[in-house]
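Data block for my_file29.cif (mmCIF, C-alpha atoms):
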```cif
data_run
loop_
_atom_site.group_PDB
_atom_site.id
_atom_site.type_symbol
_atom_site.label_atom_id
_atom_site.label_comp_id
_atom_site.auth_asym_id
_atom_site.auth_seq_id
_atom_site.Cartn_x
_atom_site.Cartn_y
_atom_site.Cartn_z
ATOM 1 C CA MET A 1 9.575 -10.322 29.168
ATOM 2 C CA ASP A 2 9.927 -10.375 32.957
ATOM 3 C CA THR A 3 8.756 -13.249 35.169
ATOM 4 C CA GLU A 4 5.442 -11.614 36.094
ATOM 5 C CA GLU A 5 4.561 -10.851 32.490
ATOM 6 C CA LEU A 6 5.576 -14.361 31.422
ATOM 7 C CA GLU A 7 3.248 -15.869 34.019
ATOM 8 C CA LYS A 8 0.387 -13.715 32.751
ATOM 9 C CA HIS A 9 1.189 -14.708 29.178
ATOM 10 C CA LEU A 10 1.116 -18.427 29.994
ATOM 11 C CA LYS A 11 -2.252 -18.096 31.730
ATOM 12 C CA ARG A 12 -3.899 -16.501 28.703
ATOM 13 C CA GLU A 13 -5.486 -18.584 25.920
ATOM 14 C CA SER A 14 -3.824 -18.630 22.487
ATOM 15 C CA LYS A 15 -6.222 -17.104 20.000
ATOM 16 C CA THR A 16 -6.626 -16.466 16.276
ATOM 17 C CA LEU A 17 -7.450 -12.856 15.406
ATOM 18 C CA LEU A 18 -9.829 -12.189 12.507
ATOM 19 C CA LEU A 19 -9.248 -8.559 11.545
ATOM 20 C CA LEU A 20 -11.838 -6.890 9.293
ATOM 21 C CA ILE A 21 -10.417 -3.655 7.882
ATOM 22 C CA GLU A 22 -12.886 -1.244 6.231
ATOM 23 C CA PHE A 23 -14.859 -4.338 5.333
ATOM 24 C CA GLU A 24 -18.093 -2.482 4.609
ATOM 25 C CA GLY A 25 -19.098 1.034 3.647
ATOM 26 C CA VAL A 26 -16.949 1.852 0.597
ATOM 27 C CA PRO A 27 -19.427 3.119 -2.055
ATOM 28 C CA ASP A 28 -17.534 1.728 -5.059
ATOM 29 C CA LEU A 29 -17.634 -1.776 -3.591
ATOM 30 C CA GLN A 30 -21.203 -1.568 -2.344
ATOM 31 C CA ASN A 31 -22.233 -0.721 -5.906
ATOM 32 C CA ASP A 32 -20.547 -3.939 -7.080
ATOM 33 C CA LYS A 33 -23.198 -6.262 -5.669
ATOM 34 C CA GLU A 34 -21.634 -9.476 -6.977
ATOM 35 C CA LEU A 35 -18.274 -8.749 -5.329
ATOM 36 C CA ASP A 36 -19.859 -7.503 -2.108
ATOM 37 C CA ASP A 37 -22.051 -10.615 -1.858
ATOM 38 C CA LEU A 38 -19.002 -12.833 -2.524
ATOM 39 C CA ARG A 39 -17.023 -11.188 0.282
ATOM 40 C CA PHE A 40 -19.868 -11.521 2.777
ATOM 41 C CA SER A 41 -20.519 -15.105 1.690
ATOM 42 C CA TYR A 42 -16.928 -16.065 2.540
ATOM 43 C CA LEU A 43 -17.117 -14.149 5.808
ATOM 44 C CA LYS A 44 -20.298 -15.990 6.814
ATOM 45 C CA GLU A 45 -18.738 -19.328 5.888
ATOM 46 C CA LEU A 46 -15.691 -18.534 8.024
ATOM 47 C CA VAL A 47 -17.605 -17.459 11.136
ATOM 48 C CA PHE A 48 -20.577 -19.854 10.953
ATOM 49 C CA ALA A 49 -19.521 -22.995 9.056
ATOM 50 C CA HIS A 50 -15.722 -23.175 9.381
ATOM 51 C CA PRO A 51 -14.234 -25.327 12.175
ATOM 52 C CA ALA A 52 -12.761 -22.177 13.751
ATOM 53 C CA LYS A 53 -15.587 -21.610 16.243
ATOM 54 C CA SER A 54 -13.755 -19.350 18.672
ATOM 55 C CA LEU A 55 -12.107 -16.401 16.925
ATOM 56 C CA LEU A 56 -11.276 -12.973 18.281
ATOM 57 C CA ILE A 57 -13.067 -10.861 15.652
ATOM 58 C CA VAL A 58 -12.000 -7.214 15.508
ATOM 59 C CA SER A 59 -13.703 -4.870 13.053
ATOM 60 C CA ASP A 60 -13.388 -1.139 12.425
ATOM 61 C CA HIS A 61 -16.873 -0.835 10.909
ATOM 62 C CA HIS A 62 -19.135 2.139 11.595
ATOM 63 C CA PRO A 63 -22.512 1.560 13.313
ATOM 64 C CA ARG A 64 -24.258 2.565 10.080
ATOM 65 C CA ASN A 65 -22.702 -0.426 8.263
ATOM 66 C CA TYR A 66 -25.844 -2.508 8.576
ATOM 67 C CA ARG A 67 -24.610 -5.808 7.098
ATOM 68 C CA LEU A 68 -21.719 -6.168 9.544
ATOM 69 C CA ARG A 69 -23.858 -4.866 12.400
ATOM 70 C CA ALA A 70 -26.524 -7.491 11.635
ATOM 71 C CA LEU A 71 -23.861 -10.207 11.360
ATOM 72 C CA PHE A 72 -22.357 -9.249 14.723
ATOM 73 C CA ASN A 73 -25.812 -9.354 16.310
ATOM 74 C CA GLU A 74 -26.281 -12.889 14.982
ATOM 75 C CA LEU A 75 -22.903 -13.981 16.310
ATOM 76 C CA LYS A 76 -23.818 -12.776 19.778
ATOM 77 C CA ASP A 77 -26.497 -15.491 19.867
ATOM 78 C CA GLU A 78 -24.004 -18.153 21.013
ATOM 79 C CA GLY A 79 -26.637 -20.705 22.034
ATOM 80 C CA ARG A 80 -28.252 -20.692 18.622
ATOM 81 C CA PHE A 81 -25.061 -21.239 16.621
ATOM 82 C CA LYS A 82 -22.887 -23.001 19.236
ATOM 83 C CA LEU A 83 -20.123 -20.472 18.672
ATOM 84 C CA SER A 84 -17.870 -18.640 21.087
ATOM 85 C CA HIS A 85 -16.410 -15.868 18.950
ATOM 86 C CA THR A 86 -15.313 -12.740 20.803
ATOM 87 C CA LEU A 87 -16.446 -9.564 19.022
ATOM 88 C CA VAL A 88 -14.732 -6.170 19.257
ATOM 89 C CA ASN A 89 -15.526 -2.976 17.319
ATOM 90 C CA ILE A 90 -12.618 -0.492 17.177
ATOM 91 C CA PRO A 91 -12.325 3.106 15.927
ATOM 92 C CA SER A 92 -10.970 3.045 12.382
ATOM 93 C CA ILE A 93 -7.548 4.377 11.372
ATOM 94 C CA LYS A 94 -6.401 5.618 14.805
ATOM 95 C CA THR A 95 -6.287 2.249 16.602
ATOM 96 C CA THR A 96 -2.840 0.661 16.914
ATOM 97 C CA MET A 97 -1.699 -2.942 16.920
ATOM 98 C CA GLU A 98 -0.602 -2.504 20.540
ATOM 99 C CA GLU A 99 -4.101 -1.385 21.517
ATOM 100 C CA ILE A 100 -5.631 -4.455 19.865
ATOM 101 C CA ASN A 101 -3.159 -6.645 21.750
ATOM 102 C CA ASN A 102 -4.122 -4.908 24.997
ATOM 103 C CA ILE A 103 -7.812 -5.562 24.303
ATOM 104 C CA ALA A 104 -6.995 -9.228 23.755
ATOM 105 C CA HIS A 105 -5.018 -9.423 27.013
ATOM 106 C CA GLU A 106 -7.887 -7.834 28.949
ATOM 107 C CA LYS A 107 -10.160 -10.559 27.607
ATOM 108 C CA GLY A 108 -7.679 -13.286 28.583
ATOM 109 C CA PHE A 109 -6.174 -14.005 25.157
ATOM 110 C CA ASN A 110 -2.770 -13.998 23.465
ATOM 111 C CA ILE A 111 -3.036 -13.224 19.763
ATOM 112 C CA GLU A 112 -0.960 -15.856 17.990
ATOM 113 C CA ASN A 113 -1.875 -15.901 14.296
ATOM 114 C CA VAL A 114 -3.874 -13.335 12.345
ATOM 115 C CA LEU A 115 -6.471 -13.506 9.562
ATOM 116 C CA VAL A 116 -6.985 -10.254 7.646
ATOM 117 C CA ALA A 117 -9.620 -9.134 5.129
ATOM 118 C CA GLY A 118 -11.160 -5.878 3.998
ATOM 119 C CA CYS A 119 -10.974 -3.158 1.376
ATOM 120 C CA ASN A 120 -7.925 -1.963 -0.550
ATOM 121 C CA THR A 121 -5.899 -5.177 -0.500
ATOM 122 C CA SER A 122 -2.373 -3.834 -0.998
ATOM 123 C CA GLY A 123 -3.125 -0.670 0.991
ATOM 124 C CA CYS A 124 -5.304 -0.688 4.116
ATOM 125 C CA VAL A 125 -5.380 -4.477 4.339
ATOM 126 C CA PHE A 126 -1.625 -4.917 3.969
ATOM 127 C CA ASP A 127 0.252 -1.837 5.157
ATOM 128 C CA SER A 128 -1.505 1.562 5.206
ATOM 129 C CA LEU A 129 -2.907 1.444 8.742
ATOM 130 C CA PRO A 130 -1.204 0.923 12.115
ATOM 131 C CA TYR A 131 -3.003 -2.428 12.439
ATOM 132 C CA SER A 132 -2.609 -3.688 8.843
ATOM 133 C CA ALA A 133 -1.346 -7.203 8.038
ATOM 134 C CA LYS A 134 2.281 -6.175 7.436
ATOM 135 C CA TRP A 135 2.777 -4.975 11.001
ATOM 136 C CA TRP A 136 1.419 -8.196 12.527
ATOM 137 C CA ALA A 137 3.763 -10.189 10.291
ATOM 138 C CA LYS A 138 6.691 -7.918 11.208
ATOM 139 C CA ALA A 139 5.897 -8.556 14.884
ATOM 140 C CA GLY A 140 6.252 -12.308 14.272
ATOM 141 C CA HIS A 141 2.610 -13.368 13.928
ATOM 142 C CA PHE A 142 1.749 -15.859 11.185
ATOM 143 C CA THR A 143 -0.558 -13.701 9.052
ATOM 144 C CA GLN A 144 -3.066 -14.887 6.451
ATOM 145 C CA ILE A 145 -4.753 -12.493 3.986
ATOM 146 C CA ILE A 146 -8.066 -13.960 2.806
ATOM 147 C CA LEU A 147 -8.279 -12.826 -0.806
ATOM 148 C CA PRO A 148 -11.990 -13.586 -1.561
ATOM 149 C CA MET A 149 -12.910 -11.379 1.419
ATOM 150 C CA CYS A 150 -10.971 -8.409 0.017
ATOM 151 C CA GLY A 151 -11.979 -5.716 -2.462
ATOM 152 C CA ASP A 152 -10.282 -2.819 -4.223
ATOM 153 C CA TYR A 153 -11.364 0.694 -5.127
ATOM 154 C CA GLU A 154 -8.052 2.573 -5.432
ATOM 155 C CA VAL A 155 -6.460 0.361 -8.100
ATOM 156 C CA ASN A 156 -7.137 1.436 -11.670
ATOM 157 C CA GLY A 157 -8.430 -1.033 -14.237
ATOM 158 C CA VAL A 158 -11.687 -2.581 -15.371
ATOM 159 C CA GLY A 159 -13.128 -5.882 -14.154
ATOM 160 C CA PRO A 160 -10.542 -8.668 -13.764
ATOM 161 C CA GLU A 161 -7.733 -6.295 -14.776
ATOM 162 C CA LYS A 162 -8.144 -4.391 -11.496
ATOM 163 C CA TYR A 163 -7.650 -7.544 -9.431
ATOM 164 C CA MET A 164 -4.687 -8.721 -11.481
ATOM 165 C CA LYS A 165 -2.996 -5.409 -10.633
ATOM 166 C CA SER A 166 -4.121 -5.569 -7.015
ATOM 167 C CA PHE A 167 -2.670 -9.032 -6.454
ATOM 168 C CA ALA A 168 0.561 -8.060 -8.235
ATOM 169 C CA ASN A 169 0.852 -5.014 -5.955
ATOM 170 C CA LEU A 170 0.252 -7.181 -2.878
ATOM 171 C CA HIS A 171 2.827 -9.756 -3.988
ATOM 172 C CA ASN A 172 5.455 -7.059 -4.566
ATOM 173 C CA LYS A 173 4.772 -5.389 -1.212
ATOM 174 C CA ILE A 174 5.045 -8.693 0.680
ATOM 175 C CA LYS A 175 8.368 -9.290 -1.060
ATOM 176 C CA GLN A 176 9.656 -5.764 -0.379
ATOM 177 C CA ALA A 177 8.644 -5.981 3.295
ATOM 178 C CA SER A 178 10.517 -9.306 3.669
ATOM 179 C CA VAL A 179 7.538 -11.005 5.332
ATOM 180 C CA PHE A 180 7.136 -13.913 2.903
ATOM 181 C CA ARG A 181 8.099 -16.408 5.609
ATOM 182 C CA ASN A 182 5.094 -15.697 7.819
ATOM 183 C CA THR A 183 2.562 -14.174 5.403
ATOM 184 C CA GLU A 184 0.248 -16.289 3.297
ATOM 185 C CA VAL A 185 -2.446 -15.292 0.807
ATOM 186 C CA ILE A 186 -5.498 -17.536 1.132
ATOM 187 C CA ALA A 187 -7.980 -18.234 -1.684
ATOM 188 C CA ASP A 188 -9.617 -21.322 -0.160
ATOM 189 C CA LEU A 189 -10.966 -21.256 3.414
ATOM 190 C CA SER A 190 -10.049 -24.923 3.852
ATOM 191 C CA ARG A 191 -6.423 -23.735 3.966
ATOM 192 C CA VAL A 192 -6.971 -21.322 6.854
ATOM 193 C CA MET A 193 -4.974 -22.182 9.999
ATOM 194 C CA TYR A 194 -6.251 -21.253 13.447
ATOM 195 C CA TYR A 195 -6.401 -21.998 17.174
ATOM 196 C CA VAL A 196 -9.108 -23.904 19.061
ATOM 197 C CA SER A 197 -9.145 -23.839 22.889
ATOM 198 C CA GLY A 198 -5.561 -22.635 22.864
ATOM 199 C CA GLN A 199 -4.381 -25.508 20.643
ATOM 200 C CA GLN A 200 -2.949 -24.924 17.179
ATOM 201 C CA LEU A 201 -4.657 -26.574 14.221
ATOM 202 C CA SER A 202 -2.943 -27.007 10.878
ATOM 203 C CA ARG A 203 -4.587 -27.750 7.545
ATOM 204 C CA LYS A 204 -4.419 -31.407 8.571
ATOM 205 C CA GLN A 205 -6.035 -31.019 11.988
ATOM 206 C CA LEU A 206 -4.572 -30.839 15.483
ATOM 207 C CA SER A 207 -0.820 -30.510 15.698
ATOM 208 C CA GLY A 208 -0.694 -31.563 19.343
ATOM 209 C CA LYS A 209 2.035 -29.019 20.018
ATOM 210 C CA LYS A 210 1.127 -25.644 21.462
ATOM 211 C CA GLY A 211 4.244 -23.977 20.083
ATOM 212 C CA ALA A 212 4.487 -25.975 16.855
ATOM 213 C CA LYS A 213 5.419 -24.398 13.538
ATOM 214 C CA TRP A 214 2.559 -23.662 11.172
ATOM 215 C CA GLN A 215 2.523 -25.905 8.105
ATOM 216 C CA LEU A 216 3.312 -23.372 5.384
ATOM 217 C CA ILE A 217 3.339 -25.818 2.477
ATOM 218 C CA ASP A 218 2.001 -29.312 1.838
ATOM 219 C CA VAL A 219 4.893 -31.753 2.203
ATOM 220 C CA PRO A 220 4.370 -35.336 0.955
ATOM 221 C CA SER A 221 5.083 -37.837 3.703
ATOM 222 C CA GLU A 222 4.493 -41.507 4.460
ATOM 223 C CA ASN A 223 4.527 -40.741 8.177
ATOM 224 C CA GLY A 224 1.348 -38.695 8.436
ATOM 225 C CA ASP A 225 1.102 -34.974 8.995
ATOM 226 C CA VAL A 226 4.225 -32.893 8.798
ATOM 227 C CA PHE A 227 5.128 -29.299 9.409
ATOM 228 C CA GLY A 228 7.557 -27.638 7.022
ATOM 229 C CA GLU A 229 10.402 -25.554 8.403
ATOM 230 C CA LEU A 230 12.556 -23.547 6.011
ATOM 231 C CA GLU A 231 16.038 -25.031 6.158
ATOM 232 C CA GLU A 232 18.285 -23.818 3.349
ATOM 233 C CA ALA A 233 18.251 -22.720 -0.273
ATOM 234 C CA ASP A 234 19.078 -25.099 -3.103
ATOM 235 C CA PRO A 235 20.465 -23.272 -6.191
ATOM 236 C CA ASN A 236 18.513 -25.561 -8.538
ATOM 237 C CA TYR A 237 15.236 -26.040 -6.705
ATOM 238 C CA GLY A 238 14.882 -23.088 -4.326
ATOM 239 C CA TYR A 239 14.239 -23.771 -0.660
ATOM 240 C CA ARG A 240 14.334 -27.169 1.014
ATOM 241 C CA PHE A 241 12.168 -27.893 4.028
ATOM 242 C CA ALA A 242 13.054 -29.786 7.179
ATOM 243 C CA THR A 243 10.091 -31.881 8.292
ATOM 244 C CA THR A 244 9.000 -32.967 11.725
ATOM 245 C CA ARG A 245 6.535 -35.765 12.266
ATOM 246 C CA ILE A 246 3.566 -34.926 14.457
ATOM 247 C CA GLU A 247 2.943 -37.650 16.971
#
```
Output the structure of this file as structure tokens.
Amino acid sequence: MDTEELEKHLKRESKTLLLLIEFEGVPDLQNDKELDDLRFSYLKELVFAHPAKSLLIVSDHHPRNYRLRALFNELKDEGRFKLSHTLVNIPSIKTTMEEINNIAHEKGFNIENVLVAGCNTSGCVFDSLPYSAKWWAKAGHFTQIILPMCGDYEVNGVGPEKYMKSFANLHNKIKQASVFRNTEVIADLSRVMYYVSGQQLSRKQLSGKKGAKWQLIDVPSENGDVFGELEEADPNYGYRFATTRIE
């Protein structure tokens, strides 16, 4: 990065990207009303009730997808909800990660960490598209896949069996892609990590350090909040973590 680009980078606000991949419109999932309602319930909680009030939300939905279209229209009413989300609708499949980054830069943001949800968890959500979760993780972004906001239609199986297979496929693909260190699968929105006004927030509130490490695990400490940094492997207990106290 040359000096001019570095100066531009430093002037832009650090931002959390919420990426919705084929979130609505798949017939098999729309016919499963309970699952579809669950996914939209979590999405509404994240964008309306969660402390992350200023996300860059990028969706590849089609204009005919009325539930997402209605939700986006609500989010545009910033005064009503006291939110400042930035909304972007992209063409599906053909858009690249670089193009999404360019959109963010044009709006004055640096994408730091990424939240991903949508349809086909171990496929489109994780690695089948040029802007899937795997490629953000490979590029060094801390990437969180929000499981209750995902659905599957390509995995065989009935009822819970389908989602057992889907999660197993996702786990294996994360392992094969060697992105365990900066990919996390989220089941509880209280564990989502994000940026507010350019400042990084962990699960235990403000880190106070713009370039701090994300807290990937909960580390017991008598000194308050800590961030875990992978240090070395122990043959008996797996990995040890170096901890840094947050002042």
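Of note, CA of Val196 (chain A) and CA of Glu5 (chain A) are spaced 23.2 Å apart.
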(Q) Excluding Ile146 (chain A) and its own-chain neighbours fewer than 4 positions away, which residues fall within 8 Å of it when counting only C-alpha atoms? Please give them as a ChimeraX atom specification. (A) /A:115-117,150,185-187,189
Atoms to include: C-alpha atoms. Write the selected residues as a CSV table (one decimal), in the coordinates of the input.
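Output file selection-v4.csv follows:
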```csv
chain,number,residue,atom,x,y,z
A,115,LEU,CA,-6.5,-13.5,9.6
A,116,VAL,CA,-7.0,-10.3,7.6
A,117,ALA,CA,-9.6,-9.1,5.1
A,150,CYS,CA,-11.0,-8.4,0.0
A,185,VAL,CA,-2.4,-15.3,0.8
A,186,ILE,CA,-5.5,-17.5,1.1
A,187,ALA,CA,-8.0,-18.2,-1.7
A,189,LEU,CA,-11.0,-21.3,3.4
```
Q: With the file shown as input, list the residues that the PyMOL selection byres ((chain A and resi 88-104) around 9) selects, as a list in words.
A: Lys15, Ile21, Glu22, Leu56, Ile57, Val58, Ser59, Asp60, His61, His62, Thr86, Leu87, His105, Glu106, Lys107, Gly108, Phe109, Asn110, Ile111, Leu129, Pro130, Tyr131, Ser132, Trp135 and Trp136 of chain A
Q: Determine the nearest neighbour of Gly159 (chain A) from the options A:Leu75, A:Leu6, A:Leu35, A:Phe23, counting only C-alpha atoms.
A: A:Leu35
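Interatomic distance, CA of Leu18 (chain A) against CA of Leu55 (chain A): 6.5 Å.
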Would you compute the box with edges along x, y and z of the file around region 13-27 of chain A, including every atom the file lists for it and 8 Å extra on each side, and give its centre and edge lengths in Å to one decimal, as JSON?
```
{"center_x": -11.6, "center_y": -7.8, "center_z": 11.9, "size_x": 31.6, "size_y": 37.7, "size_z": 44.0}
```
Q: For each of A:Tyr194, A:Asp188, A:Gly123, A:Thr3, take the minimum atom-to-atom distance to Val155 (chain A), counting all atoms listed in the file, then give the residue where this is smallest.
A: A:Gly123
Q: Quick one: everything within 10 Å of Val192 (chain A), counting only C-alpha atoms, minus sequence neighbours fewer than 6 positions away in the same chain. Send it as number ranges by chain.
A: A: 46, 50-52, 115, 144-146, 184-186, 201-203
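The nearest approach to Asp32 (chain A) among the residues A:Glu7, A:Asp152, A:Glu45, A:Glu161, with only C-alpha atoms taken into account, belongs to A:Asp152.
What separates CA of Asn31 (chain A) from CA of Ala168 (chain A) is a distance of 24.1 Å.
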Q | Spatial neighbours of Tyr66 (chain A), 12 Å, only C-alpha atoms, chain gap at least 4 places, as an NGL selection string | A | :A and (23-25 or 30 or 61-62 or 70-73)
Selection above as a file: C-alpha atoms, as a compact mmCIF listing (two decimals), in the frame of the given file:
```
# COMPACT_ATOMS: atom_id res chain seq x y z
CA PHE A 23 -14.86 -4.34 5.33
CA GLU A 24 -18.09 -2.48 4.61
CA GLY A 25 -19.10 1.03 3.65
CA GLN A 30 -21.20 -1.57 -2.34
CA HIS A 61 -16.87 -0.84 10.91
CA HIS A 62 -19.14 2.14 11.60
CA ALA A 70 -26.52 -7.49 11.64
CA LEU A 71 -23.86 -10.21 11.36
CA PHE A 72 -22.36 -9.25 14.72
CA ASN A 73 -25.81 -9.35 16.31
```
To verify the selection step, state as an mmCIF file with C-alpha atoms, in the frame of the given file which residues the PyMOL selection byres ((chain A and resi 140) around 12) yields on this input.
```cif
data_model
loop_
_atom_site.group_PDB
_atom_site.id
_atom_site.type_symbol
_atom_site.label_atom_id
_atom_site.label_comp_id
_atom_site.auth_asym_id
_atom_site.auth_seq_id
_atom_site.Cartn_x
_atom_site.Cartn_y
_atom_site.Cartn_z
ATOM 1 C CA ILE A 111 -3.036 -13.224 19.763
ATOM 2 C CA GLU A 112 -0.960 -15.856 17.990
ATOM 3 C CA ASN A 113 -1.875 -15.901 14.296
ATOM 4 C CA VAL A 114 -3.874 -13.335 12.345
ATOM 5 C CA ALA A 133 -1.346 -7.203 8.038
ATOM 6 C CA LYS A 134 2.281 -6.175 7.436
ATOM 7 C CA TRP A 135 2.777 -4.975 11.001
ATOM 8 C CA TRP A 136 1.419 -8.196 12.527
ATOM 9 C CA ALA A 137 3.763 -10.189 10.291
ATOM 10 C CA LYS A 138 6.691 -7.918 11.208
ATOM 11 C CA ALA A 139 5.897 -8.556 14.884
ATOM 12 C CA HIS A 141 2.610 -13.368 13.928
ATOM 13 C CA PHE A 142 1.749 -15.859 11.185
ATOM 14 C CA THR A 143 -0.558 -13.701 9.052
ATOM 15 C CA SER A 178 10.517 -9.306 3.669
ATOM 16 C CA VAL A 179 7.538 -11.005 5.332
ATOM 17 C CA PHE A 180 7.136 -13.913 2.903
ATOM 18 C CA ARG A 181 8.099 -16.408 5.609
ATOM 19 C CA ASN A 182 5.094 -15.697 7.819
ATOM 20 C CA THR A 183 2.562 -14.174 5.403
#
```
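Proximity to region 170-172 of chain A at 8 Å, evaluated using all atoms listed in the file and with sequence-adjacent residues fewer than 6 positions away removed, yields Thr121, Ser122 and Phe126 of chain A.
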